[in-house]
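Read the structure below first, then the notes.
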Amino acid sequence: MIVIVTGIPGTGKTTVATKAMELLEKKDIKYEMVTYGNVMIRIAKDKNIVEDRDDMRKLDSETQKMIQELAAEKIGCMEGNVLVDTHCTISTPGGYLPGLPEWVLRKLKPDAIILVEASAKEIYDRRTFDKSRNRDGESVEGIRLHQEMNRSISAAYSVFTGATVKVIQNPAGKVEEAAKEMIEVLG
């Protein structure tokens with residue numbers, strides 16, 4: 001089974017997914033958690049296209065698309081249960097870019113899409129106080145719009161793939177509850 005977990009930066013998607021993996025392991029259910037961007041970087045490095053993550057942003061769009069498609073092929077061929085940590089949409093100066101264009105979805109063939117959310121104000125606060133990351137300076141309203149775009153794009157991904165879409169709320173202090181809700185899809 002291939003499941004995509006997504007959410008805008010600051011929702012805690014990786015934290016919730018990691019906790020869900022711990023809980024599933026106790027039930028002897030195995031998943032491999034894969035970060036889509038890391039697979040892309042490994043492919044680009046193997047092809048001597050980039051030296052590090054920062055070089056990826058400098059590549060022309062055709063090269064990025066090629067690497068994106070190769071990463072989808074690699075993940076799509078993985079055996080067993082795979083949880084793919086990625087972005088549903090990417091906020092750019094020109095608008096929202098789909099994180100999983102059709103050529104990626106065709107190769108991944110996901111069974112489910114999990115969208116992790118939190119309130120826009122809470123995400124804003126998490127980003128503001130997290131000094132370990134260099135986050136985008138989106139307003140509360142911008143965060144709200146980005147989450148709405150993710151919901152809309154997730155629905156489009158579902159129509160294209162037949163994957164189910166599950167929205168999970170991750171309010172402060174409720175990671176375990178959110179992880180248990182994620183397990184309902186994964187287990």
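Starting from 1 in every chain, residues are counted up; chains themselves are A, B, ... following the order of the structure tokens, and ligands are numbered from 1 as listed.
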
Which polymer residues have any atom within 12 Å of an atom of A:Phe160, counting only C-alpha atoms, with same-chain residues fewer than 5 positions away left out, as a PyMOL selection string? chain A and resi 100-106+108-111+153-155

Write a file of the selected residues as a compact mmCIF listing (two decimals), in the first residue's frame, keeping C-alpha atoms.
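File produced: result-v3.txt:
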# COMPACT_ATOMS: atom_id res chain seq x y z
CA LEU A 100 2.22 15.77 -7.16
CA PRO A 101 1.57 16.50 -10.84
CA GLU A 102 -0.22 13.86 -12.91
CA TRP A 103 3.00 12.25 -14.18
CA VAL A 104 4.02 11.69 -10.54
CA LEU A 105 0.62 10.35 -9.48
CA ARG A 106 0.62 7.96 -12.46
CA LEU A 108 3.07 6.46 -7.50
CA LYS A 109 -0.46 5.05 -7.72
CA PRO A 110 -1.35 5.99 -4.12
CA ASP A 111 -4.06 4.13 -2.23
CA ILE A 153 -5.76 19.79 -4.81
CA SER A 154 -6.06 16.62 -2.67
CA ALA A 155 -9.58 16.16 -3.99

Among chain A, which ones does DSSP assign to strand (DSSP E or B) (computed from the backbone)? Answer as a ChimeraX atom specification. /A:2-6,32-35,82-85,89-92,95-98,112-117,164-169

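The coordinates place atom CA of A:Gln68 at 27.8 Å from atom CA of A:Ala118.
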
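When only C-alpha atoms are used to measure the gap to A:Pro98, the shortest distance among A:Asn150, A:Lys58, A:Glu176, A:Ala163 belongs to A:Asn150.
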
Going by DSSP on the backbone, which bits of chain A are alpha helix (DSSP H)? Write them as a PyMOL selection string, please. chain A and resi 13-26+36-46+53-56+61-76+102-108+120-129+140-161+175-186

Choose the residue, out of A:Ile29, A:Val175, A:Val39, A:Val165, that has the smallest atom-to-atom separation from A:Glu69; count only C-alpha atoms. A:Val39

Go through A:Thr18, A:Glu62, A:Pro9, A:Ala72 one by one, measure the shortest atom-to-atom distance of each to A:Asn38 using only C-alpha atoms, and give the residue with the smallest value. A:Ala72

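Across A:Glu141, A:Glu32, A:Met40, A:Leu97, the tightest approach to A:Arg53 is made by A:Met40 when counting only C-alpha atoms.
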
Got a sec: who's within 10 Å of A:Met21, counting only C-alpha atoms, leaving out chain neighbours fewer than 3 positions off, as a count of residues only? 18

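The coordinates place atom CA of A:Ala71 at 12.6 Å from atom CA of A:Lys47.
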
Skip A:Tyr96 itself and residues of its chain fewer than 4 positions away, then list as an NGL selection string all residues within 9 Å of it, counting only C-alpha atoms. :A and (89-92 or 146 or 149)

Name the residues in contact with A:Arg144 at a cut-off of 9 Å, using only C-alpha atoms, excluding same-chain residues fewer than 6 positions from it; report them as JSON, numbers by chain. {"A": [119, 120, 121]}

Keeping only C-alpha atoms, write the selected residues to a file as a PDB file, in the first residue's frame.
ATOM      1  CA  SER A 119      -5.508  25.972  12.800  1.00  0.00           C
ATOM      2  CA  ALA A 120      -3.921  28.749  10.754  1.00  0.00           C
ATOM      3  CA  LYS A 121      -3.081  30.717  13.913  1.00  0.00           C
TER       4      LYS A 121
END

Tell me, as a PyMOL selection string, which residues lie within 10 Å of A:Pro171, counting only C-alpha atoms; anything in the same chain fewer than 3 positions away does not count. chain A and resi 11-12+117-119+122-123+168+174-175+177-178

8 Å contact set for A:Gly10, only C-alpha atoms, chain neighbours under 6 positions out, as a list in words: Ile123, Tyr124, Arg126 and Arg127 of chain A

Would you export the selected residues with N, CA and C atoms as a CSV table (one decimal), in the first residue's frame, please?
chain,number,residue,atom,x,y,z
A,123,ILE,N,-0.4,27.3,13.3
A,123,ILE,CA,0.7,27.1,12.4
A,123,ILE,C,1.6,28.3,12.4
A,124,TYR,N,0.9,29.4,12.3
A,124,TYR,CA,1.7,30.7,12.3
A,124,TYR,C,2.6,30.8,13.6
A,126,ARG,N,3.6,28.3,15.5
A,126,ARG,CA,4.7,27.2,15.4
A,126,ARG,C,5.8,27.7,14.6
A,127,ARG,N,5.5,28.3,13.4
A,127,ARG,CA,6.6,28.8,12.5
A,127,ARG,C,7.3,29.9,13.2
